file protein_9.cif (mmCIF, C-alpha atoms)
data_my_file
loop_
_atom_site.label_atom_id
_atom_site.label_comp_id
_atom_site.auth_asym_id
_atom_site.auth_seq_id
_atom_site.Cartn_x
_atom_site.Cartn_y
_atom_site.Cartn_z
CA MET A 1 75.62 5.62 -6.33
CA SER A 2 77.65 7.37 -9.03
CA SER A 3 80.85 9.40 -9.38
CA ARG A 4 82.78 11.06 -12.17
CA ALA A 5 86.33 10.05 -13.08
CA GLY A 6 88.36 12.52 -15.10
CA GLY A 7 85.26 14.32 -16.31
CA GLY A 8 84.01 11.22 -18.17
CA LYS A 9 80.70 9.43 -17.91
CA PRO A 10 79.32 8.85 -14.37
CA LEU A 11 79.98 5.44 -12.86
CA TRP A 12 77.02 3.61 -11.41
CA SER A 13 76.00 0.31 -9.87
CA ALA A 14 72.78 -1.29 -8.64
CA SER A 15 71.58 -3.97 -6.24
CA THR A 16 68.26 -5.74 -5.67
CA ILE A 17 66.56 -6.66 -2.39
CA VAL A 18 64.57 -9.85 -2.97
CA ALA A 19 61.77 -10.53 -0.45
CA LYS A 20 59.92 -13.77 -1.08
CA VAL A 21 56.12 -13.48 -0.99
CA ALA A 22 53.37 -16.07 -1.56
CA SER A 23 49.79 -14.93 -2.03
CA GLY A 24 46.38 -16.49 -2.47
CA TYR A 25 42.76 -16.16 -1.39
CA HIS A 26 39.91 -18.18 0.11
CA ILE A 27 36.18 -17.60 -0.47
CA LEU A 28 33.90 -18.21 2.50
CA ARG A 29 30.18 -18.47 1.68
CA ILE A 30 27.65 -17.96 4.46
CA ASP A 31 24.56 -19.90 3.35
CA GLY A 32 21.68 -19.44 5.80
CA TYR A 33 22.83 -16.16 7.33
CA SER A 34 19.74 -15.72 9.53
CA ARG A 35 20.35 -19.09 11.20
CA THR A 36 23.92 -18.16 12.09
CA MET A 37 22.50 -15.29 14.18
CA GLU A 38 21.81 -17.85 16.91
CA THR A 39 25.57 -17.95 17.61
CA PRO A 40 26.30 -16.00 20.84
CA THR A 41 28.51 -12.92 20.85
CA GLY A 42 32.16 -13.94 21.22
CA GLU A 43 31.67 -17.34 19.60
CA SER A 44 32.73 -18.06 16.04
CA ILE A 45 32.15 -20.49 13.18
CA ALA A 46 35.37 -21.61 11.47
CA SER A 47 35.96 -22.20 7.78
CA LEU A 48 37.61 -25.30 6.43
CA PRO A 49 41.43 -25.12 6.51
CA PHE A 50 43.10 -23.72 3.37
CA SER A 51 46.70 -23.31 2.26
CA VAL A 52 48.61 -20.17 1.27
CA GLY A 53 52.39 -19.96 1.20
CA GLY A 54 52.77 -23.56 2.38
CA ARG A 55 50.95 -22.73 5.61
CA CYS A 56 47.49 -23.79 6.78
CA TRP A 57 44.96 -21.05 7.63
CA ARG A 58 41.38 -20.71 8.83
CA ILE A 59 38.81 -17.91 8.86
CA ARG A 60 36.65 -17.42 11.93
CA TYR A 61 33.25 -15.81 11.36
CA TYR A 62 31.61 -14.11 14.35
CA PRO A 63 27.94 -13.45 13.37
CA ASN A 64 27.29 -11.34 16.50
CA GLY A 65 30.72 -9.81 16.95
CA ASP A 66 33.84 -11.02 18.70
CA LYS A 67 33.05 -9.12 21.94
CA LEU A 68 30.18 -7.20 23.55
CA GLU A 69 31.18 -3.77 22.20
CA ASN A 70 31.01 -5.23 18.67
CA LYS A 71 27.74 -7.13 19.08
CA GLU A 72 26.00 -5.14 16.30
CA TYR A 73 28.73 -6.05 13.83
CA ILE A 74 30.03 -9.09 11.98
CA SER A 75 33.65 -9.83 12.92
CA LEU A 76 36.07 -11.73 10.67
CA TYR A 77 39.50 -13.03 11.66
CA LEU A 78 42.25 -15.01 9.97
CA TYR A 79 44.09 -17.60 12.10
CA LEU A 80 47.24 -19.61 11.50
CA HIS A 81 46.13 -23.24 11.69
CA ASP A 82 49.48 -24.95 11.28
CA ARG A 83 51.15 -26.83 14.14
CA SER A 84 54.40 -27.15 12.19
CA VAL A 85 55.26 -23.46 12.76
CA GLU A 86 55.02 -21.29 15.85
CA ALA A 87 54.56 -17.98 14.04
CA GLU A 88 54.22 -16.55 10.56
CA LYS A 89 54.14 -13.05 9.08
CA ALA A 90 51.34 -12.19 6.66
CA GLN A 91 49.07 -9.45 5.36
CA LEU A 92 45.36 -9.85 4.76
CA MET A 93 42.22 -8.21 3.42
CA PHE A 94 38.56 -9.19 3.69
CA ARG A 95 36.10 -8.11 0.93
CA PHE A 96 32.66 -9.08 -0.30
CA VAL A 97 33.01 -11.19 -3.43
CA GLY A 98 30.73 -8.78 -5.28
CA ASP A 99 33.12 -5.87 -4.56
CA VAL A 100 36.31 -7.52 -5.85
CA ALA A 101 36.04 -6.05 -9.36
CA GLU A 102 35.47 -2.49 -8.08
CA GLN A 103 37.44 -2.42 -4.81
CA PRO A 104 41.22 -2.53 -5.27
CA LEU A 105 43.29 -5.02 -3.30
CA ILE A 106 44.93 -3.07 -0.46
CA LEU A 107 46.58 -5.44 1.99
CA GLY A 108 46.85 -4.20 5.54
CA ARG A 109 49.99 -3.93 7.63
CA LEU A 110 52.20 -6.94 8.25
CA HIS A 111 50.99 -9.04 11.19
CA THR A 112 52.74 -11.76 13.13
CA PHE A 113 50.35 -14.69 13.48
CA GLU A 114 50.95 -16.81 16.57
CA LYS A 115 48.08 -18.01 18.74
CA GLN A 116 45.95 -14.93 18.14
CA GLY A 117 44.24 -14.07 14.88
CA TRP A 118 44.10 -10.82 12.96
CA GLY A 119 41.20 -9.32 11.06
CA TYR A 120 38.27 -6.93 11.20
CA ALA A 121 36.37 -6.63 14.49
CA LYS A 122 33.82 -4.37 12.77
CA PHE A 123 33.73 -5.74 9.23
CA ILE A 124 30.13 -4.56 8.65
CA LYS A 125 27.08 -3.76 10.73
CA ARG A 126 24.49 -6.51 10.45
CA LYS A 127 21.83 -3.89 9.68
CA ASP A 128 23.93 -2.55 6.79
CA LEU A 129 24.53 -6.06 5.44
CA GLU A 130 20.83 -6.87 5.55
CA GLU A 131 20.05 -3.75 3.50
CA SER A 132 22.89 -4.28 1.01
CA LYS A 133 23.14 -5.99 -2.37
CA HIS A 134 25.49 -8.59 -0.91
CA LEU A 135 22.84 -10.51 1.04
CA VAL A 136 20.88 -12.53 -1.52
CA ASP A 137 18.49 -15.33 -0.56
CA ASP A 138 19.87 -15.31 2.99
CA SER A 139 23.43 -15.86 1.73
CA PHE A 140 26.59 -13.84 1.11
CA SER A 141 30.22 -14.55 0.22
CA ILE A 142 33.47 -13.14 1.61
CA ARG A 143 36.90 -13.25 -0.01
CA CYS A 144 40.00 -13.27 2.20
CA ASP A 145 43.27 -12.35 0.43
CA VAL A 146 46.46 -13.45 2.18
CA ALA A 147 50.10 -12.56 1.40
CA VAL A 148 52.68 -14.54 3.36
CA ARG A 149 56.07 -12.84 3.89
CA PHE A 150 59.02 -15.17 4.32
CA ASN A 151 62.15 -14.34 6.33
CA ASP A 152 64.72 -15.28 3.68
CA VAL A 153 65.30 -11.73 2.40
CA ARG A 154 68.47 -11.49 0.35
CA VAL A 155 70.40 -8.82 -1.52
CA GLU A 156 71.71 -9.48 -4.99
CA LYS A 157 73.96 -7.50 -7.27
CA ALA A 158 71.97 -6.38 -10.29
CA PRO A 159 73.55 -6.97 -13.71
CA GLU A 160 74.43 -3.78 -15.53
CA ALA A 161 71.81 -4.35 -18.21
CA ALA A 162 69.10 -5.00 -15.62
CA ALA A 163 70.15 -1.92 -13.66
CA ALA A 164 69.96 0.22 -16.76
CA ALA A 165 66.58 -1.22 -17.71
CA SER A 166 65.24 -0.46 -14.24
CA MET A 167 65.76 3.24 -14.93
CA ILE A 168 63.22 3.13 -17.77
CA SER A 169 59.55 3.28 -16.85
CA VAL A 170 56.97 2.13 -19.39
CA GLN A 171 53.67 3.99 -19.41
CA PRO A 172 50.52 1.85 -19.21
CA SER A 173 48.55 1.40 -22.40
CA ASP A 174 45.95 4.06 -23.10
CA LEU A 175 44.82 2.74 -26.47
CA HIS A 176 41.34 2.03 -25.10
CA GLN A 177 41.02 5.66 -24.03
CA HIS A 178 41.96 6.96 -27.49
CA LEU A 179 39.59 4.58 -29.27
CA GLY A 180 36.86 5.35 -26.74
CA SER A 181 37.33 9.05 -27.51
CA LEU A 182 37.07 8.27 -31.21
CA LEU A 183 33.70 6.61 -30.61
CA LEU A 184 32.52 9.51 -28.44
CA THR A 185 33.53 12.28 -30.86
CA GLN A 186 32.52 10.28 -33.98
CA LYS A 187 35.47 11.83 -35.81
CA GLY A 188 35.97 10.07 -39.15
CA ALA A 189 32.89 7.86 -38.67
CA ASP A 190 31.81 6.23 -41.94
CA VAL A 191 28.84 4.04 -41.05
CA VAL A 192 25.54 4.67 -39.27
CA PHE A 193 23.43 2.08 -37.43
CA ASP A 194 19.70 2.45 -36.83
CA VAL A 195 18.57 0.60 -33.71
CA ALA A 196 14.86 0.96 -32.96
CA GLY A 197 14.88 4.50 -34.32
CA GLU A 198 18.05 5.59 -32.48
CA THR A 199 21.16 6.14 -34.62
CA PHE A 200 24.81 5.40 -33.80
CA ALA A 201 27.83 6.49 -35.86
CA ALA A 202 30.91 4.25 -35.95
CA HIS A 203 34.01 3.29 -37.96
CA ARG A 204 33.82 0.30 -40.29
CA CYS A 205 37.48 -0.68 -39.93
CA VAL A 206 37.29 -0.78 -36.10
CA LEU A 207 34.18 -2.96 -36.06
CA ALA A 208 35.51 -5.28 -38.77
CA ALA A 209 38.82 -5.70 -36.95
CA ARG A 210 36.98 -6.77 -33.80
CA SER A 211 34.25 -9.03 -35.19
CA PRO A 212 34.15 -11.40 -38.18
CA VAL A 213 30.39 -10.88 -38.33
CA PHE A 214 30.86 -7.13 -38.78
CA THR A 215 33.52 -7.88 -41.42
CA ALA A 216 30.97 -9.81 -43.47
CA GLU A 217 28.25 -7.26 -42.82
CA LEU A 218 30.27 -4.15 -43.67
CA PHE A 219 32.76 -5.40 -46.28
CA GLY A 220 31.32 -8.66 -47.61
CA ALA A 221 28.29 -9.64 -49.65
CA MET A 222 25.92 -8.61 -46.84
CA LYS A 223 26.75 -4.92 -47.32
CA GLU A 224 24.58 -4.81 -50.44
CA GLY A 225 21.49 -5.08 -48.23
CA HIS A 226 22.03 -1.70 -46.55
CA THR A 227 19.79 1.12 -47.79
CA GLY A 228 21.03 4.69 -47.91
CA GLY A 229 24.27 3.74 -46.17
CA VAL A 230 22.38 2.95 -42.94
CA VAL A 231 22.68 -0.46 -41.28
CA ARG A 232 19.48 -1.44 -39.47
CA ILE A 233 19.70 -3.65 -36.39
CA GLU A 234 16.35 -5.31 -35.79
CA ASP A 235 16.89 -7.57 -32.80
CA MET A 236 18.59 -5.40 -30.17
CA GLU A 237 17.76 -2.56 -27.75
CA PRO A 238 19.57 0.76 -28.29
CA ARG A 239 21.31 0.67 -24.90
CA ALA A 240 22.58 -2.86 -25.58
CA PHE A 241 24.00 -1.79 -28.95
CA LYS A 242 25.60 1.24 -27.30
CA ALA A 243 27.25 -1.08 -24.75
CA LEU A 244 28.36 -3.35 -27.59
CA LEU A 245 30.08 -0.44 -29.35
CA TYR A 246 31.70 0.60 -26.09
CA PHE A 247 33.28 -2.85 -25.76
CA LEU A 248 34.38 -2.98 -29.40
CA TYR A 249 36.30 0.29 -28.99
CA THR A 250 37.65 -0.11 -25.42
CA ASP A 251 37.67 -3.90 -24.73
CA LEU A 252 35.88 -3.08 -21.45
CA LEU A 253 32.46 -3.94 -20.08
CA PHE A 254 29.98 -1.06 -20.00
CA PRO A 255 30.20 1.58 -17.24
CA LYS A 256 27.41 1.60 -14.65
CA THR A 257 25.99 4.89 -15.95
CA MET A 258 25.24 3.24 -19.29
CA ALA A 259 23.19 0.51 -17.59
CA THR A 260 21.04 2.96 -15.62
CA THR A 261 20.13 5.33 -18.43
CA MET A 262 16.88 3.61 -19.37
CA ASN A 263 15.39 3.24 -15.87
CA GLN A 264 16.45 6.77 -14.89
CA ALA A 265 14.47 8.11 -17.80
CA GLU A 266 11.42 6.05 -16.88
CA ASP A 267 11.09 6.44 -13.11
CA GLY A 268 14.18 8.18 -11.75
CA ASP A 269 15.17 5.13 -9.74
CA VAL A 270 18.50 3.39 -10.30
CA GLY A 271 18.99 -0.19 -9.13
CA ASP A 272 21.49 -3.02 -9.46
CA ASP A 273 18.99 -4.92 -11.63
CA ASP A 274 19.70 -2.48 -14.50
CA GLU A 275 23.22 -3.84 -14.92
CA ASP A 276 21.99 -7.43 -14.78
CA VAL A 277 19.35 -6.90 -17.48
CA LEU A 278 21.76 -5.04 -19.76
CA CYS A 279 24.30 -7.83 -19.26
CA GLN A 280 21.70 -10.38 -20.36
CA HIS A 281 21.08 -8.46 -23.59
CA LEU A 282 24.81 -8.00 -24.12
CA LEU A 283 25.46 -11.73 -23.75
CA VAL A 284 23.06 -12.37 -26.64
CA ALA A 285 24.83 -9.70 -28.73
CA ALA A 286 28.27 -11.13 -27.91
CA ASP A 287 27.18 -14.55 -29.15
CA LYS A 288 25.66 -13.06 -32.32
CA TYR A 289 28.82 -11.10 -33.22
CA ASN A 290 31.25 -13.85 -32.16
CA LEU A 291 32.90 -11.82 -29.39
CA GLU A 292 34.25 -14.47 -27.01
CA ARG A 293 35.88 -12.06 -24.53
CA LEU A 294 32.70 -10.00 -24.17
CA LYS A 295 30.72 -13.20 -23.80
CA SER A 296 32.95 -14.40 -20.95
CA LEU A 297 32.77 -10.98 -19.24
CA CYS A 298 28.97 -11.16 -19.35
CA GLU A 299 29.00 -14.74 -18.05
CA LYS A 300 31.19 -13.68 -15.14
CA LYS A 301 28.98 -10.71 -14.30
CA LEU A 302 25.75 -12.73 -14.51
CA SER A 303 27.18 -15.53 -12.36
CA GLU A 304 27.54 -13.00 -9.53
CA CYS A 305 23.89 -11.89 -9.62
CA ILE A 306 22.06 -15.22 -9.60
CA HIS A 307 19.12 -15.33 -7.20
CA VAL A 308 15.54 -16.59 -7.12
CA GLY A 309 14.31 -13.79 -9.37
CA THR A 310 16.95 -14.21 -12.10
CA VAL A 311 18.17 -17.81 -12.18
CA ALA A 312 15.55 -19.15 -14.64
CA ILE A 313 16.17 -16.35 -17.15
CA ILE A 314 19.96 -16.66 -16.87
CA LEU A 315 19.84 -20.45 -17.17
CA THR A 316 17.75 -20.13 -20.34
CA LEU A 317 20.31 -17.73 -21.82
CA ALA A 318 23.20 -19.98 -20.79
CA GLU A 319 21.63 -22.96 -22.56
CA GLN A 320 20.62 -21.08 -25.71
CA HIS A 321 23.98 -19.32 -26.14
CA ARG A 322 26.35 -22.13 -25.16
CA CYS A 323 27.68 -20.90 -21.80
CA PRO A 324 28.55 -24.11 -19.90
CA GLY A 325 30.20 -22.35 -16.95
CA LEU A 326 27.24 -20.07 -16.35
CA LYS A 327 24.86 -22.99 -16.76
CA LYS A 328 26.76 -24.93 -14.10
CA VAL A 329 26.47 -22.04 -11.62
CA CYS A 330 22.71 -21.84 -12.21
CA LEU A 331 22.21 -25.58 -11.73
CA HIS A 332 24.26 -25.47 -8.54
CA PHE A 333 21.92 -22.74 -7.22
CA LEU A 334 18.87 -24.86 -8.06
CA ARG A 335 20.39 -27.85 -6.27
CA SER A 336 18.97 -26.32 -3.08
CA PRO A 337 15.35 -27.55 -2.59
CA ALA A 338 14.37 -24.19 -1.06
CA ASN A 339 15.67 -22.29 -4.07
CA LEU A 340 14.01 -24.68 -6.52
CA ARG A 341 10.63 -24.38 -4.76
CA ALA A 342 10.85 -20.58 -4.83
CA VAL A 343 11.65 -20.54 -8.56
CA ALA A 344 9.35 -23.32 -9.81
CA SER A 345 6.15 -21.25 -9.81
CA SER A 346 7.59 -18.33 -11.79
CA ASP A 347 6.77 -17.56 -15.42
CA ALA A 348 10.49 -17.55 -16.24
CA PHE A 349 10.81 -21.14 -15.01
CA LYS A 350 7.81 -22.19 -17.09
CA HIS A 351 9.47 -20.58 -20.12
CA LEU A 352 12.68 -22.46 -19.31
CA SER A 353 10.74 -25.75 -19.17
CA SER A 354 9.14 -25.23 -22.57
CA SER A 355 12.09 -23.70 -24.42
CA CYS A 356 14.91 -25.83 -22.98
CA PRO A 357 13.52 -29.29 -22.13
CA SER A 358 17.02 -30.82 -22.08
CA VAL A 359 17.90 -28.58 -19.13
CA MET A 360 14.94 -29.92 -17.19
CA VAL A 361 16.19 -33.47 -17.83
CA GLU A 362 19.62 -32.48 -16.46
CA LEU A 363 18.01 -30.80 -13.45
CA VAL A 364 15.90 -33.86 -12.59
CA ALA A 365 18.95 -36.14 -12.95
CA MET A 366 21.04 -33.85 -10.75
CA LEU A 367 18.41 -33.76 -8.01
CA GLY A 368 18.03 -37.52 -8.21
CA ASN A 369 21.77 -38.06 -7.74
CA SER A 370 21.89 -35.71 -4.75
CA ALA A 371 18.88 -37.29 -3.03
#

call {"tool": "encode", "arguments": {"input": "protein_9.cif", "output": "structure tokens"}}
result
Amino acid sequence: MSSRAGGGKPLWSASTIVAKVASGYHILRIDGYSRTMETPTGESIASLPFSVGGRCWRIRYYPNGDKLENKEYISLYLYLHDRSVEAEKAQLMFRFVGDVAEQPLILGRLHTFEKQGWGYAKFIKRKDLEESKHLVDDSFSIRCDVAVRFNDVRVEKAPEAAAAASMISVQPSDLHQHLGSLLLTQKGADVVFDVAGETFAAHRCVLAARSPVFTAELFGAMKEGHTGGVVRIEDMEPRAFKALLYFLYTDLLFPKTMATTMNQAEDGDVGDDDEDVLCQHLLVAADKYNLERLKSLCEKKLSECIHVGTVAIILTLAEQHRCPGLKKVCLHFLRSPANLRAVASSDAFKHLSSSCPSVMVELVAMLGNSA
């Protein structure tokens, strides 16, 4: 509110409404999905209790729906599992773990949790799940985000400086867009790379600022080895180098269209495996050029696509390029006797055995301890 006194500057004041919120999430993995189909409609399987906002919660998974009209669907509900309180207000959202990076967090309306639960009666049709990328080796994972709203809402007087600062909005950074445009237009480019006969123009100063390896290659003693001003890259596919440049200029992992270019050209079919394969190549490049953030992004992406057909290849890469977190995820997958039997006869597993014998020792020790 403002007013003018004697034609001078307007008077103003400000206040702040403070609503306390606590948020968190729980991941529920369904391992052996087909066996859970034996659960009758209307009956659920509960998760272990978990805490958000100082309250205890549980997820109930209904493999054949919570009621007859939903029998073709999977139902998911969140329940308050805390005898110390009669009711609590919270918001929630269920998502597949594989969709978290692409699907924004949009919490639903505020619910009062008492004896009944709240959730999604028709989370997904079982038929759709069975045809989706989320069901891998008879397993899938769900993430439940919870935001608990507390009743102690209070109003505070805002200091003048804080009130003034609140009137100023800061635009989000768009540096990655400008640098990405620079790569796309090639304006001012001063170096050319030849990768398996395909050429890429770039800017020396950008690459050197991002990677110490490029600094040595473009400005150090190694630059004398370039012929005709062209830098030849011998050990990388063109699409992997293109994705590497994209990261160097934008600090982002490659867009999906970049991953599908090669297979589209070959057979017109685009699959999720394209991204996984490109990510494997990019992990090797990240290690070569000492790009720790890119390396961790690739590790994260690959950890979400581990299955019988990929685990041996990914485990080999994790061992060869010093990725302990990714290696741990792979070994955890192989802890299952069914998974290990399915993988053991593959050529990729035989390559793993011969190229990384220390991993096989770890695997045998791990299985022995779990027996």

call {"tool": "residues_near_point", "arguments": {"input": "protein_9.cif", "point": "(53.1, -23.9, 10.9)", "cutoff": "10 Å", "atoms": "all atoms listed in the file", "output": "list in words"}}
result
Gly54, Arg55, Cys56, Trp57, Leu80, His81, Asp82, Arg83, Ser84, Val85, Glu86, Ala87, Glu88, Phe113 and Glu114 of chain A

call {"tool": "closest_residue", "arguments": {"input": "protein_9.cif", "among": "A:Ala240, A:Ser173, A:Tyr249, A:Ile168", "to": "A:His281", "atoms": "all atoms listed in the file"}}
result
A:Ala240

call {"tool": "atom_distance", "arguments": {"input": "protein_9.cif", "atom1": "atom CA of A:Glu130", "atom2": "atom CA of A:Gly24"}}
result
28.5 Å

call {"tool": "atom_distance", "arguments": {"input": "protein_9.cif", "atom1": "atom CA of A:Asn369", "atom2": "atom CA of A:Phe349"}}
result
21.4 Å

call {"tool": "resolve_selection", "arguments": {"input": "protein_9.cif", "expression": "the PyMOL selection byres ((chain A and resi 121) around 8)", "output": "count of residues only"}}
result
12

call {"tool": "closest_residue", "arguments": {"input": "protein_9.cif", "among": "A:Ala101, A:Ala243, A:Leu179, A:Val308", "to": "A:Val136", "atoms": "all atoms listed in the file"}}
result
A:Val308

call {"tool": "resolve_selection", "arguments": {"input": "protein_9.cif", "expression": "the PyMOL selection byres ((chain A and resi 316-331) around 9)", "output": "count of residues only"}}
result
32

call {"tool": "closest_residue", "arguments": {"input": "protein_9.cif", "among": "A:Gly368, A:His176, A:Gly229, A:Ala285", "to": "A:Val192", "atoms": "only C-alpha atoms"}}
result
A:Gly229

call {"tool": "resolve_selection", "arguments": {"input": "protein_9.cif", "expression": "the PyMOL selection byres ((chain A and resi 195) around 7)", "output": "PyMOL selection string"}}
result
chain A and resi 193-194+196-199+232-234+236-238

call {"tool": "axis_aligned_box", "arguments": {"input": "protein_9.cif", "around": "stretch 234-240 of chain A", "padding_each_side": "3 Å", "output": "lines of an AutoDock Vina configuration file"}}
result
center_x = 19.5
center_y = -3.4
center_z = -30.3
size_x = 12.2
size_y = 14.3
size_z = 16.9

call {"tool": "residues_around", "arguments": {"input": "protein_9.cif", "residues": "A:Thr36", "least_positions_apart": "6", "cutoff": "12 Å", "atoms": "only C-alpha atoms", "output": "ChimeraX atom specification"}}
result
/A:30,43-46,61-65,74,126,138-139

call {"tool": "residues_around", "arguments": {"input": "protein_9.cif", "residues": "stretch 96-99 of chain A", "least_positions_apart": "3", "cutoff": "6 Å", "atoms": "all atoms listed in the file", "output": "count of residues only"}}
result
5

call {"tool": "atom_distance", "arguments": {"input": "protein_9.cif", "atom1": "atom CA of A:Leu294", "atom2": "atom CA of A:Leu183"}}
result
17.8 Å

call {"tool": "residues_around", "arguments": {"input": "protein_9.cif", "residues": "A:Val155", "least_positions_apart": "6", "cutoff": "9 Å", "atoms": "all atoms listed in the file", "output": "list in words"}}
result
Ser15, Thr16, Ile17, Val18 and Ala19 of chain A

call {"tool": "closest_residue", "arguments": {"input": "protein_9.cif", "among": "A:Asp347, A:Asp145, A:Asp128, A:Asp251", "to": "A:Leu78", "atoms": "all atoms listed in the file"}}
result
A:Asp145

call {"tool": "closest_residue", "arguments": {"input": "protein_9.cif", "among": "A:Leu184, A:Leu291, A:Pro172, A:Val146", "to": "A:Phe214", "atoms": "all atoms listed in the file"}}
result
A:Leu291

call {"tool": "closest_residue", "arguments": {"input": "protein_9.cif", "among": "A:Ala209, A:Lys125, A:Leu367, A:Val170", "to": "A:Ser336", "atoms": "all atoms listed in the file"}}
result
A:Leu367

call {"tool": "residues_around", "arguments": {"input": "protein_9.cif", "residues": "A:Leu92", "least_positions_apart": "5", "cutoff": "9 Å", "atoms": "all atoms listed in the file", "output": "count of residues only"}}
result
14
